[in-house]
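Asker: Please find one structure pasted underneath; my questions will follow.
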Amino acid sequence: MSSKQATRIHAAIACLQRLTDRFTERRQQLARSVGLSDQQWAALEEISSEHFMPSLFARQRESSAAAVSKILRQLLDKNLVSVRLGARDGRQRRYQLTGKGKCCIEGLRQEREAAIRAVWSGFDRAGLDGFIRFGTRLAQRLESYAESVKERT
């Protein structure tokens, strides 16, 4: 690889890191605007899907059951979710959004949509299509590389 190519690659990686940081920062800002942490927002989103299972959520987030339990207690304390025992199995808990939780998640979704329109609508179709193609190829290559590394270890 030439030094010019290496410079371009490192600039692309720096750009991707900057984008990742801005997305993370913006998500945290949105969550804070309604008094939530990013993790609480993620749990609230999952609960709103009506197929929420704490153990699956913990696995998907690579988190512990105890950490998810803490988040759920925080959401219960904020009166954003309610919990009841499963009808068929009393060991299972069914979480659902309260009226306050539904308003909170709807407000977050509206704010997120407004931000998307403000930031993304200024790009032309060709630019967006090129970004999608490149991002998709990059994600596939990262996934393929990660899989090959996992197979070697």
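Residues are named by chain letter and number: chains run A, B, ... in the order of the structure tokens, numbers start at 1 in each chain, and ligands are numbered from 1 in the order shown.
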If you run DSSP on the backbone, which residues of chain A are alpha helix (DSSP H), as a PyMOL selection string?

Answerer: chain A and resi 3-33+38-48+54-60+65-77+99-120+125-152

Asker: Which residues, written as an mmCIF file with N, CA and C atoms, in the first residue's frame, have at least one atom at most 9 Å from Gln39 in chain A, with only C-alpha atoms counted and residues fewer than 5 positions away on the same chain left out?

Answerer:
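See out_5.cif below for the written result:
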data_model
loop_
_atom_site.group_PDB
_atom_site.id
_atom_site.type_symbol
_atom_site.label_atom_id
_atom_site.label_comp_id
_atom_site.auth_asym_id
_atom_site.auth_seq_id
_atom_site.Cartn_x
_atom_site.Cartn_y
_atom_site.Cartn_z
ATOM 1 N N ALA A 31 -31.739 11.768 24.503
ATOM 2 C CA ALA A 31 -32.156 11.064 25.715
ATOM 3 C C ALA A 31 -32.194 12.019 26.911
ATOM 4 N N LEU A 44 -36.606 1.552 26.673
ATOM 5 C CA LEU A 44 -37.955 2.074 26.427
ATOM 6 C C LEU A 44 -38.394 1.759 24.995
ATOM 7 N N VAL A 68 -29.555 -4.694 33.248
ATOM 8 C CA VAL A 68 -30.867 -4.486 32.635
ATOM 9 C C VAL A 68 -31.926 -4.316 33.722
ATOM 10 N N ILE A 71 -31.809 -0.789 34.955
ATOM 11 C CA ILE A 71 -32.440 0.130 33.996
ATOM 12 C C ILE A 71 -33.961 0.040 34.107
#

Asker: Which residues in range 82-125 of chain A does DSSP call strand (DSSP E or B)? List them as a list in words.

Answerer: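 Answer for range 82-125 of chain A, restricted to strand (DSSP E or B): Ser82, Val83, Arg84, Leu85, Arg93, Arg94, Tyr95, Gln96 and Leu97 of chain A.
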
Asker: Write out the residues from the selection above, keeping all heavy atoms, as a short mmCIF file (atom, residue, chain, number, x, y, z; two decimals), in the first residue's frame.

Answerer:
data_model
loop_
_atom_site.label_atom_id
_atom_site.label_comp_id
_atom_site.auth_asym_id
_atom_site.auth_seq_id
_atom_site.Cartn_x
_atom_site.Cartn_y
_atom_site.Cartn_z
N SER A 82 -44.73 0.01 33.23
CA SER A 82 -45.37 -0.76 34.29
C SER A 82 -45.03 -2.22 34.05
O SER A 82 -44.62 -2.61 32.95
CB SER A 82 -46.88 -0.54 34.31
OG SER A 82 -47.45 -1.00 33.10
N VAL A 83 -45.20 -3.03 35.07
CA VAL A 83 -44.87 -4.45 34.96
C VAL A 83 -45.99 -5.26 35.60
O VAL A 83 -46.60 -4.84 36.57
CB VAL A 83 -43.49 -4.76 35.61
CG1 VAL A 83 -43.50 -4.48 37.09
CG2 VAL A 83 -43.05 -6.17 35.32
N ARG A 84 -46.25 -6.40 34.99
CA ARG A 84 -47.22 -7.33 35.57
C ARG A 84 -46.70 -8.74 35.31
O ARG A 84 -45.87 -8.96 34.43
CB ARG A 84 -48.61 -7.12 34.99
CG ARG A 84 -48.74 -7.32 33.52
CD ARG A 84 -50.17 -7.05 33.02
NE ARG A 84 -50.22 -6.99 31.59
CZ ARG A 84 -50.22 -8.05 30.76
NH1 ARG A 84 -50.17 -9.26 31.26
NH2 ARG A 84 -50.26 -7.90 29.46
N LEU A 85 -47.19 -9.67 36.08
CA LEU A 85 -46.79 -11.06 35.90
C LEU A 85 -47.42 -11.63 34.65
O LEU A 85 -48.55 -11.26 34.30
CB LEU A 85 -47.21 -11.88 37.12
CG LEU A 85 -46.56 -11.49 38.45
CD1 LEU A 85 -47.10 -12.36 39.56
CD2 LEU A 85 -45.05 -11.60 38.36
N ARG A 93 -42.25 -11.63 33.60
CA ARG A 93 -42.76 -10.28 33.80
C ARG A 93 -43.08 -9.67 32.43
O ARG A 93 -42.32 -9.84 31.49
CB ARG A 93 -41.74 -9.40 34.51
CG ARG A 93 -41.23 -10.00 35.81
CD ARG A 93 -41.76 -9.23 36.97
NE ARG A 93 -41.32 -9.58 38.29
CZ ARG A 93 -41.41 -10.76 38.89
NH1 ARG A 93 -41.84 -11.78 38.24
NH2 ARG A 93 -41.03 -10.93 40.13
N ARG A 94 -44.17 -8.98 32.34
CA ARG A 94 -44.58 -8.27 31.13
C ARG A 94 -44.43 -6.78 31.38
O ARG A 94 -45.10 -6.23 32.25
CB ARG A 94 -46.03 -8.60 30.75
CG ARG A 94 -46.27 -10.04 30.46
CD ARG A 94 -45.79 -10.33 29.06
NE ARG A 94 -46.01 -11.73 28.76
CZ ARG A 94 -45.19 -12.46 28.05
NH1 ARG A 94 -44.12 -11.93 27.55
NH2 ARG A 94 -45.46 -13.72 27.81
N TYR A 95 -43.56 -6.15 30.61
CA TYR A 95 -43.34 -4.71 30.73
C TYR A 95 -44.11 -4.01 29.63
O TYR A 95 -44.17 -4.49 28.50
CB TYR A 95 -41.85 -4.39 30.61
CG TYR A 95 -41.05 -4.91 31.78
CD1 TYR A 95 -40.52 -6.20 31.77
CD2 TYR A 95 -40.85 -4.12 32.90
CE1 TYR A 95 -39.81 -6.68 32.85
CE2 TYR A 95 -40.12 -4.60 33.98
CZ TYR A 95 -39.61 -5.88 33.95
OH TYR A 95 -38.92 -6.36 35.02
N GLN A 96 -44.70 -2.88 29.98
CA GLN A 96 -45.37 -2.07 28.95
C GLN A 96 -45.23 -0.60 29.31
O GLN A 96 -45.03 -0.25 30.47
CB GLN A 96 -46.84 -2.46 28.81
CG GLN A 96 -47.66 -2.32 30.04
CD GLN A 96 -49.06 -2.89 29.85
OE1 GLN A 96 -49.27 -3.80 29.06
NE2 GLN A 96 -50.01 -2.36 30.59
N LEU A 97 -45.34 0.23 28.29
CA LEU A 97 -45.24 1.66 28.50
C LEU A 97 -46.48 2.17 29.22
O LEU A 97 -47.59 1.74 28.93
CB LEU A 97 -45.09 2.40 27.17
CG LEU A 97 -43.86 2.09 26.33
CD1 LEU A 97 -43.88 2.94 25.06
CD2 LEU A 97 -42.58 2.32 27.10
#

Asker: Env of Gln92 in chain A: 12 Å cut, atoms = only C-alpha atoms, seq-sep filter 4 positions within chain, self excluded. Answer as a PDB file with N, CA, C and O atoms, in the first residue's frame.

Answerer:
ATOM      1  N   PHE A  52     -40.787  -7.348  24.340  1.00  0.00           N
ATOM      2  CA  PHE A  52     -39.596  -7.135  25.154  1.00  0.00           C
ATOM      3  C   PHE A  52     -39.354  -8.312  26.088  1.00  0.00           C
ATOM      4  O   PHE A  52     -40.253  -8.757  26.792  1.00  0.00           O
ATOM      5  N   MET A  53     -38.131  -8.813  26.051  1.00  0.00           N
ATOM      6  CA  MET A  53     -37.692  -9.826  27.002  1.00  0.00           C
ATOM      7  C   MET A  53     -36.366  -9.339  27.589  1.00  0.00           C
ATOM      8  O   MET A  53     -35.389  -9.173  26.842  1.00  0.00           O
ATOM      9  N   PRO A  54     -36.332  -9.093  28.895  1.00  0.00           N
ATOM     10  CA  PRO A  54     -35.102  -8.570  29.502  1.00  0.00           C
ATOM     11  C   PRO A  54     -33.855  -9.399  29.202  1.00  0.00           C
ATOM     12  O   PRO A  54     -32.795  -8.837  28.917  1.00  0.00           O
ATOM     13  N   SER A  55     -33.962 -10.708  29.224  1.00  0.00           N
ATOM     14  CA  SER A  55     -32.778 -11.546  28.983  1.00  0.00           C
ATOM     15  C   SER A  55     -32.267 -11.386  27.553  1.00  0.00           C
ATOM     16  O   SER A  55     -31.053 -11.311  27.320  1.00  0.00           O
ATOM     17  N   VAL A  83     -45.195  -3.030  35.073  1.00  0.00           N
ATOM     18  CA  VAL A  83     -44.870  -4.447  34.960  1.00  0.00           C
ATOM     19  C   VAL A  83     -45.987  -5.259  35.601  1.00  0.00           C
ATOM     20  O   VAL A  83     -46.597  -4.838  36.574  1.00  0.00           O
ATOM     21  N   ARG A  84     -46.255  -6.396  34.994  1.00  0.00           N
ATOM     22  CA  ARG A  84     -47.217  -7.331  35.571  1.00  0.00           C
ATOM     23  C   ARG A  84     -46.705  -8.737  35.312  1.00  0.00           C
ATOM     24  O   ARG A  84     -45.872  -8.964  34.432  1.00  0.00           O
ATOM     25  N   LEU A  85     -47.193  -9.667  36.080  1.00  0.00           N
ATOM     26  CA  LEU A  85     -46.790 -11.059  35.903  1.00  0.00           C
ATOM     27  C   LEU A  85     -47.424 -11.630  34.652  1.00  0.00           C
ATOM     28  O   LEU A  85     -48.552 -11.260  34.298  1.00  0.00           O
ATOM     29  N   GLY A  86     -46.704 -12.542  34.000  1.00  0.00           N
ATOM     30  CA  GLY A  86     -47.229 -13.193  32.804  1.00  0.00           C
ATOM     31  C   GLY A  86     -48.479 -13.991  33.130  1.00  0.00           C
ATOM     32  O   GLY A  86     -48.564 -14.624  34.195  1.00  0.00           O
ATOM     33  N   ALA A  87     -49.444 -13.985  32.241  1.00  0.00           N
ATOM     34  CA  ALA A  87     -50.718 -14.684  32.473  1.00  0.00           C
ATOM     35  C   ALA A  87     -50.517 -16.197  32.573  1.00  0.00           C
ATOM     36  O   ALA A  87     -51.149 -16.857  33.394  1.00  0.00           O
ATOM     37  N   ARG A  88     -49.651 -16.757  31.743  1.00  0.00           N
ATOM     38  CA  ARG A  88     -49.446 -18.209  31.734  1.00  0.00           C
ATOM     39  C   ARG A  88     -48.337 -18.662  32.669  1.00  0.00           C
ATOM     40  O   ARG A  88     -48.329 -19.784  33.132  1.00  0.00           O
TER      41      ARG A  88
END

Asker: Which residue out of A:Ile9, A:Ala115, A:Met1, A:Leu16 has the minimum interatomic distance to Phe131 in chain A when only C-alpha atoms are used?

Answerer: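 Of A:Ile9, A:Ala115, A:Met1, A:Leu16, the one nearest Phe131 in chain A, counting only C-alpha atoms, is A:Leu16.
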
Asker: Excluding Phe23 in chain A and residues on its chain fewer than 6 positions from it, collect all residues at most 12 Å away from it, counting only C-alpha atoms, and give them as a PDB file with C-alpha atoms, in the first residue's frame.

Answerer:
ATOM      1  CA  LEU A  16     -15.978   7.366  10.375  1.00  0.00           C
ATOM      2  CA  GLN A  17     -14.917   7.782  14.012  1.00  0.00           C
ATOM      3  CA  GLN A  29     -28.522  14.701  23.861  1.00  0.00           C
ATOM      4  CA  LEU A  30     -31.933  13.443  22.765  1.00  0.00           C
ATOM      5  CA  ASP A  38     -29.074   6.323  26.329  1.00  0.00           C
ATOM      6  CA  ARG A 112     -35.213  12.379  16.135  1.00  0.00           C
ATOM      7  CA  ALA A 115     -33.049  16.128  13.413  1.00  0.00           C
ATOM      8  CA  ILE A 116     -32.982  13.653  10.524  1.00  0.00           C
ATOM      9  CA  VAL A 119     -29.379  17.133   8.709  1.00  0.00           C
TER      10      VAL A 119
END

Asker: Record the distance separating CA of Leu108 in chain A and CA of Gly35 in chain A, expressed in Å with one decimal.

Answerer: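 Pair CA of Leu108 in chain A / CA of Gly35 in chain A returns 10.9 Å.
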
Asker: Select, from A:Ala43, A:Cys103, A:Leu128, A:Arg18, the residue with the minimum atom-to-atom distance to Ser63 in chain A, counting only C-alpha atoms.

Answerer: A:Ala43

Asker: Restricting the calculation to only C-alpha atoms: of A:Ala58, A:Ala66, A:Cys15, A:Leu80, which residue gets closest to Trp41 in chain A?

Answerer: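 Ranked by minimum distance to Trp41 in chain A, first place goes to A:Leu80.
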